[in-house]
Amino acid sequence: MRIDILTIFPNMFNGFLTESIIKRAIQDKYVDIQIHDIRAYSKDKHKKVDDYGFGGGKGMVLMPEPIFDAVEDIKTKDSKVILMTPQGEPYKQAKAYDLAKEKHLIIICGHYEGFDERIRSLADMEISIGDYVLTGGELASMVITDSIVRLIDGVIEKDSHLNDSFNNNLLDYPVYTKPVDFKGMKVPEVLLSGHHANIEKFRKEESLKRTKERRPDLLEKR
Ligand code: 6GU
């Protein structure tokens, strides 16, 4: 898969691309992630990418031209263009599975007080990562990229995401490691038993119980 991210703050991605699973996925060629500075597409001599909004009001508005030029430059017949905005479709794990099947994603990070409305016409979809406002789409683009890349076949141990929280609208079951007794808090007996059927039953029950307590809204969707 290839992912191209359009941003006016390319340095925000440095840590994200150079650590842990994302770093390894890039090294092992499961994904090619390219960060593009929108400023590089500005035709203005001061590399301007934003301006005052018509009609007044506070804040600067991202201009359409550099972003249109960037998308035109990067787009292929396989591309899906995603616009990051708090007004987008609320992001869910099911969407991560859908996007992980794509060949090429182009992600546009909105910023400042807003972006010119005509930029919307470039996008195949608009995505929000939740009901709160960030200073820009950069963190949101990293959130969705992370959730997609870990689902690409081979990136994490095969099938290890099958029990992830939110699959089948259930939260994950609790897990434990050594020591068996930590400050009087003990690992549940069944997990030490080696009895696989009982362990599976315990995990299913805990998953349900936890979802009922913490996210009853998810159970209603099952
Ligand atoms: Cl995608 N962008 C911004 N700026 N804020 C957000 C968001 C996106 N999703 C939730 N809040």
# chains A, B, ... in the order shown; residues from 1 in each chain; ligands from 1
>>> residues_around(residues="Ser165 (chain A)", least_positions_apart="3", cutoff="12 Å", atoms="only C-alpha atoms", output="ChimeraX atom specification")
/A:92-94,160-162,168-174,207-208,210-211,215,218
>>> residues_near_ligand(ligand="ligand 1", cutoff="10 Å", atoms="only C-alpha atoms and all ligand atoms", output="VMD selection string")
chain A and resid 82 to 91 108 to 114 126 to 144
>>> atom_distance(atom1="CA of Gly194 (chain A)", atom2="CA of Tyr176 (chain A)")
14.3 Å
>>> residues_around(residues="Leu122 (chain A)", least_positions_apart="2", cutoff="12 Å", atoms="only C-alpha atoms", output="PyMOL selection string")
chain A and resi 64-65+67-72+75+79-83+106-108+116-120+124-126
>>> closest_residue(among="A:Met63, A:Ile21, A:Ala40, A:Leu105", to="Asp4 (chain A)", atoms="only C-alpha atoms")
A:Leu105
>>> select_by_dssp(residues="region 15-173 of chain A", states="helix (DSSP H, G or I)", output="MDAnalysis selection string")
chainID A and resid 15:17 20:27 38:41 64:74 93:99 117:122 138:149 167:169
>>> write_last_selection(atoms="C-alpha atoms", output="tab-separated table (two decimals), in the first residue's frame")
chain	number	residue	atom	x	y	z
A	15	GLY	CA	8.56	10.51	15.30
A	16	PHE	CA	5.54	8.69	13.95
A	17	LEU	CA	7.41	7.30	10.93
A	20	SER	CA	7.98	0.86	16.41
A	21	ILE	CA	5.56	-0.96	14.13
A	22	ILE	CA	5.14	1.83	11.56
A	23	LYS	CA	8.92	2.11	11.16
A	24	ARG	CA	9.21	-1.65	10.62
A	25	ALA	CA	6.26	-1.77	8.21
A	26	ILE	CA	8.01	0.86	6.08
A	27	GLN	CA	11.41	-0.89	6.29
A	38	ILE	CA	1.75	21.72	0.73
A	39	ARG	CA	3.98	24.80	0.70
A	40	ALA	CA	6.14	23.18	-2.00
A	41	TYR	CA	3.12	23.47	-4.32
A	64	PRO	CA	-7.41	25.57	-2.85
A	65	GLU	CA	-4.74	25.92	-5.53
A	66	PRO	CA	-1.66	24.32	-3.86
A	67	ILE	CA	-3.77	21.42	-2.57
A	68	PHE	CA	-5.42	20.83	-5.97
A	69	ASP	CA	-1.99	20.88	-7.64
A	70	ALA	CA	-0.56	18.46	-5.07
A	71	VAL	CA	-3.42	15.97	-5.43
A	72	GLU	CA	-3.28	16.19	-9.23
A	73	ASP	CA	0.45	15.49	-9.08
A	74	ILE	CA	0.16	12.49	-6.74
A	93	GLN	CA	-12.51	0.15	13.34
A	94	ALA	CA	-14.73	-1.12	10.48
A	95	LYS	CA	-13.49	1.79	8.35
A	96	ALA	CA	-9.88	0.88	9.20
A	97	TYR	CA	-10.51	-2.63	7.80
A	98	ASP	CA	-12.03	-1.13	4.61
A	99	LEU	CA	-9.16	1.30	4.09
A	117	GLU	CA	-14.79	24.85	0.79
A	118	ARG	CA	-13.80	23.93	-2.78
A	119	ILE	CA	-11.11	21.58	-1.43
A	120	ARG	CA	-13.98	19.26	-0.43
A	121	SER	CA	-14.58	18.47	-4.11
A	122	LEU	CA	-11.21	16.64	-4.23
A	138	GLU	CA	-2.04	16.04	11.26
A	139	LEU	CA	-2.58	14.05	14.47
A	140	ALA	CA	-5.85	12.70	13.07
A	141	SER	CA	-4.09	11.55	9.88
A	142	MET	CA	-1.49	9.72	12.00
A	143	VAL	CA	-4.26	8.08	14.01
A	144	ILE	CA	-5.99	6.66	10.95
A	145	THR	CA	-2.70	5.73	9.24
A	146	ASP	CA	-1.58	3.82	12.34
A	147	SER	CA	-4.88	1.94	12.56
A	148	ILE	CA	-4.71	1.03	8.83
A	149	VAL	CA	-1.04	0.00	8.63
A	167	ASN	CA	-14.17	-6.28	16.43
A	168	ASN	CA	-17.80	-7.51	16.65
A	169	ASN	CA	-18.49	-4.44	18.77
>>> closest_residue(among="A:Thr18, A:Thr7, A:Ser193, A:Gln34", to="Val49 (chain A)", atoms="only C-alpha atoms")
A:Thr7
>>> residues_around(residues="Asp78 (chain A)", least_positions_apart="4", cutoff="9 Å", atoms="only C-alpha atoms", output="ChimeraX atom specification")
/A:102-105
>>> write_last_selection(atoms="N, CA and C atoms", output="PDB file, in the first residue's frame")
ATOM      1  N   GLU A 102      -7.229  -0.886   0.464  1.00  0.00           N
ATOM      2  CA  GLU A 102      -6.953   0.021  -0.663  1.00  0.00           C
ATOM      3  C   GLU A 102      -5.489  -0.059  -1.097  1.00  0.00           C
ATOM      4  N   LYS A 103      -5.237   0.305  -2.366  1.00  0.00           N
ATOM      5  CA  LYS A 103      -3.865   0.322  -2.890  1.00  0.00           C
ATOM      6  C   LYS A 103      -3.161   1.631  -2.565  1.00  0.00           C
ATOM      7  N   HIS A 104      -3.936   2.738  -2.624  1.00  0.00           N
ATOM      8  CA  HIS A 104      -3.308   4.055  -2.517  1.00  0.00           C
ATOM      9  C   HIS A 104      -4.237   5.042  -1.823  1.00  0.00           C
ATOM     10  N   LEU A 105      -3.769   5.623  -0.729  1.00  0.00           N
ATOM     11  CA  LEU A 105      -4.544   6.653  -0.031  1.00  0.00           C
ATOM     12  C   LEU A 105      -3.809   7.983  -0.108  1.00  0.00           C
TER      13      LEU A 105
END
>>> residues_around(residues="Val180 (chain A)", least_positions_apart="5", cutoff="12 Å", atoms="only C-alpha atoms", output="number ranges by chain")
A: 175, 185-192
>>> write_last_selection(atoms="N, CA and C atoms", output="compact mmCIF listing (two decimals), in the first residue's frame")
# COMPACT_ATOMS: atom_id res chain seq x y z
N VAL A 175 -5.70 -9.17 29.93
CA VAL A 175 -4.55 -10.07 29.79
C VAL A 175 -3.59 -9.85 30.95
N MET A 185 -2.52 -8.97 44.06
CA MET A 185 -3.45 -9.06 42.92
C MET A 185 -3.05 -10.27 42.08
N LYS A 186 -3.96 -11.27 42.02
CA LYS A 186 -3.59 -12.56 41.42
C LYS A 186 -4.12 -12.71 40.00
N VAL A 187 -3.34 -13.41 39.19
CA VAL A 187 -3.79 -13.77 37.84
C VAL A 187 -4.94 -14.78 37.99
N PRO A 188 -6.05 -14.59 37.29
CA PRO A 188 -7.17 -15.54 37.40
C PRO A 188 -6.69 -16.99 37.16
N GLU A 189 -7.12 -17.88 38.07
CA GLU A 189 -6.72 -19.29 38.09
C GLU A 189 -6.85 -19.95 36.71
N VAL A 190 -7.96 -19.68 36.03
CA VAL A 190 -8.27 -20.37 34.77
C VAL A 190 -7.16 -20.15 33.72
N LEU A 191 -6.50 -18.99 33.77
CA LEU A 191 -5.46 -18.69 32.78
C LEU A 191 -4.20 -19.52 33.00
N LEU A 192 -4.07 -20.08 34.23
CA LEU A 192 -2.89 -20.89 34.56
C LEU A 192 -3.19 -22.37 34.35
>>> closest_residue(among="A:Arg2, A:Lys101, A:Lys29, A:Lys209", to="Val155 (chain A)", atoms="only C-alpha atoms")
A:Lys29
>>> select_by_dssp(residues="chain A", states="strand (DSSP E)", output="ChimeraX atom specification")
/A:2-7,32-37,50-52,60-62,79-90,104-109,114-115,125-128,181-182,185-186
>>> write_last_selection(atoms="N, CA and C atoms", output="short mmCIF file (atom, residue, chain, number, x, y, z; two decimals), in the first residue's frame")
data_model
loop_
_atom_site.label_atom_id
_atom_site.label_comp_id
_atom_site.auth_asym_id
_atom_site.auth_seq_id
_atom_site.Cartn_x
_atom_site.Cartn_y
_atom_site.Cartn_z
N ARG A 2 0.34 2.30 -0.64
CA ARG A 2 1.04 3.58 -0.58
C ARG A 2 0.13 4.60 0.09
N ILE A 3 0.70 5.42 0.97
CA ILE A 3 -0.06 6.48 1.62
C ILE A 3 0.70 7.80 1.44
N ASP A 4 0.06 8.79 0.82
CA ASP A 4 0.64 10.12 0.67
C ASP A 4 -0.13 11.08 1.57
N ILE A 5 0.60 11.81 2.40
CA ILE A 5 -0.06 12.73 3.34
C ILE A 5 0.33 14.17 2.99
N LEU A 6 -0.66 15.03 2.80
CA LEU A 6 -0.45 16.44 2.45
C LEU A 6 -0.63 17.29 3.70
N THR A 7 0.39 18.07 4.04
CA THR A 7 0.37 18.82 5.29
C THR A 7 1.17 20.12 5.16
N ASP A 32 4.41 2.23 1.83
CA ASP A 32 5.29 3.35 1.48
C ASP A 32 4.54 4.61 1.89
N ILE A 33 5.06 5.33 2.89
CA ILE A 33 4.37 6.53 3.37
C ILE A 33 5.21 7.75 2.98
N GLN A 34 4.62 8.67 2.23
CA GLN A 34 5.33 9.89 1.82
C GLN A 34 4.60 11.11 2.37
N ILE A 35 5.37 11.99 2.99
CA ILE A 35 4.82 13.24 3.54
C ILE A 35 5.13 14.36 2.56
N HIS A 36 4.11 15.12 2.16
CA HIS A 36 4.30 16.21 1.20
C HIS A 36 3.98 17.54 1.86
N ASP A 37 4.91 18.47 1.74
CA ASP A 37 4.69 19.82 2.26
C ASP A 37 3.85 20.60 1.24
N ASP A 50 -2.21 30.07 2.66
CA ASP A 50 -3.49 30.44 3.28
C ASP A 50 -3.71 31.94 3.14
N ASP A 51 -4.95 32.36 3.37
CA ASP A 51 -5.27 33.79 3.27
C ASP A 51 -6.53 34.07 4.09
N TYR A 52 -6.87 35.37 4.18
CA TYR A 52 -8.07 35.75 4.94
C TYR A 52 -9.32 35.21 4.26
N MET A 60 -7.18 32.19 9.38
CA MET A 60 -6.75 32.06 7.99
C MET A 60 -7.38 30.81 7.39
N VAL A 61 -7.53 30.85 6.08
CA VAL A 61 -8.18 29.74 5.37
C VAL A 61 -7.18 29.15 4.36
N LEU A 62 -7.02 27.84 4.38
CA LEU A 62 -6.13 27.18 3.40
C LEU A 62 -6.67 27.40 1.99
N SER A 79 -6.17 5.77 -6.58
CA SER A 79 -6.14 6.59 -5.37
C SER A 79 -7.52 6.83 -4.77
N LYS A 80 -7.56 6.81 -3.43
CA LYS A 80 -8.72 7.32 -2.69
C LYS A 80 -8.24 8.53 -1.91
N VAL A 81 -8.97 9.64 -2.03
CA VAL A 81 -8.57 10.88 -1.37
C VAL A 81 -9.40 11.09 -0.11
N ILE A 82 -8.71 11.25 1.01
CA ILE A 82 -9.37 11.43 2.31
C ILE A 82 -9.07 12.83 2.84
N LEU A 83 -10.11 13.53 3.26
CA LEU A 83 -9.94 14.85 3.86
C LEU A 83 -10.18 14.72 5.37
N MET A 84 -9.18 15.14 6.17
CA MET A 84 -9.32 15.08 7.62
C MET A 84 -10.02 16.35 8.11
N THR A 85 -11.17 16.20 8.74
CA THR A 85 -11.91 17.35 9.26
C THR A 85 -12.85 16.91 10.37
N PRO A 86 -13.02 17.76 11.42
CA PRO A 86 -13.96 17.39 12.48
C PRO A 86 -15.40 17.26 11.96
N GLN A 87 -15.65 17.75 10.74
CA GLN A 87 -17.00 17.62 10.16
C GLN A 87 -17.18 16.30 9.40
N GLY A 88 -16.11 15.45 9.37
CA GLY A 88 -16.17 14.21 8.60
C GLY A 88 -16.94 13.10 9.30
N GLU A 89 -16.98 11.95 8.63
CA GLU A 89 -17.63 10.75 9.17
C GLU A 89 -16.83 10.28 10.39
N PRO A 90 -17.50 10.01 11.51
CA PRO A 90 -16.77 9.54 12.71
C PRO A 90 -16.04 8.22 12.41
N HIS A 104 -3.94 2.74 -2.62
CA HIS A 104 -3.31 4.06 -2.52
C HIS A 104 -4.24 5.04 -1.82
N LEU A 105 -3.77 5.62 -0.73
CA LEU A 105 -4.54 6.65 -0.03
C LEU A 105 -3.81 7.98 -0.11
N ILE A 106 -4.55 9.04 -0.37
CA ILE A 106 -4.01 10.40 -0.28
C ILE A 106 -4.78 11.09 0.84
N ILE A 107 -4.06 11.52 1.87
CA ILE A 107 -4.73 12.11 3.04
C ILE A 107 -4.38 13.59 3.11
N ILE A 108 -5.41 14.43 3.10
CA ILE A 108 -5.22 15.89 3.19
C ILE A 108 -5.50 16.33 4.63
N CYS A 109 -4.50 17.00 5.25
CA CYS A 109 -4.69 17.51 6.60
C CYS A 109 -5.19 18.95 6.54
N GLY A 114 -9.62 26.79 9.06
CA GLY A 114 -10.41 26.08 8.07
C GLY A 114 -9.71 26.00 6.73
N PHE A 115 -10.39 25.36 5.79
CA PHE A 115 -9.85 25.25 4.43
C PHE A 115 -10.94 25.68 3.47
N MET A 125 -13.77 10.91 0.54
CA MET A 125 -14.42 10.79 1.86
C MET A 125 -13.81 11.80 2.81
N GLU A 126 -14.59 12.18 3.84
CA GLU A 126 -14.12 13.07 4.89
C GLU A 126 -14.19 12.29 6.20
N ILE A 127 -13.11 12.36 6.98
CA ILE A 127 -13.06 11.58 8.22
C ILE A 127 -12.73 12.47 9.41
N SER A 128 -13.44 12.23 10.52
CA SER A 128 -13.17 12.85 11.81
C SER A 128 -12.77 11.74 12.78
N ASP A 181 1.39 -13.49 41.28
CA ASP A 181 0.85 -12.70 42.39
C ASP A 181 1.62 -11.39 42.47
N PHE A 182 0.98 -10.29 42.19
CA PHE A 182 1.63 -8.98 42.27
C PHE A 182 0.90 -8.11 43.29
N MET A 185 -2.52 -8.97 44.06
CA MET A 185 -3.45 -9.06 42.92
C MET A 185 -3.05 -10.27 42.08
N LYS A 186 -3.96 -11.27 42.02
CA LYS A 186 -3.59 -12.56 41.42
C LYS A 186 -4.12 -12.71 40.00
#
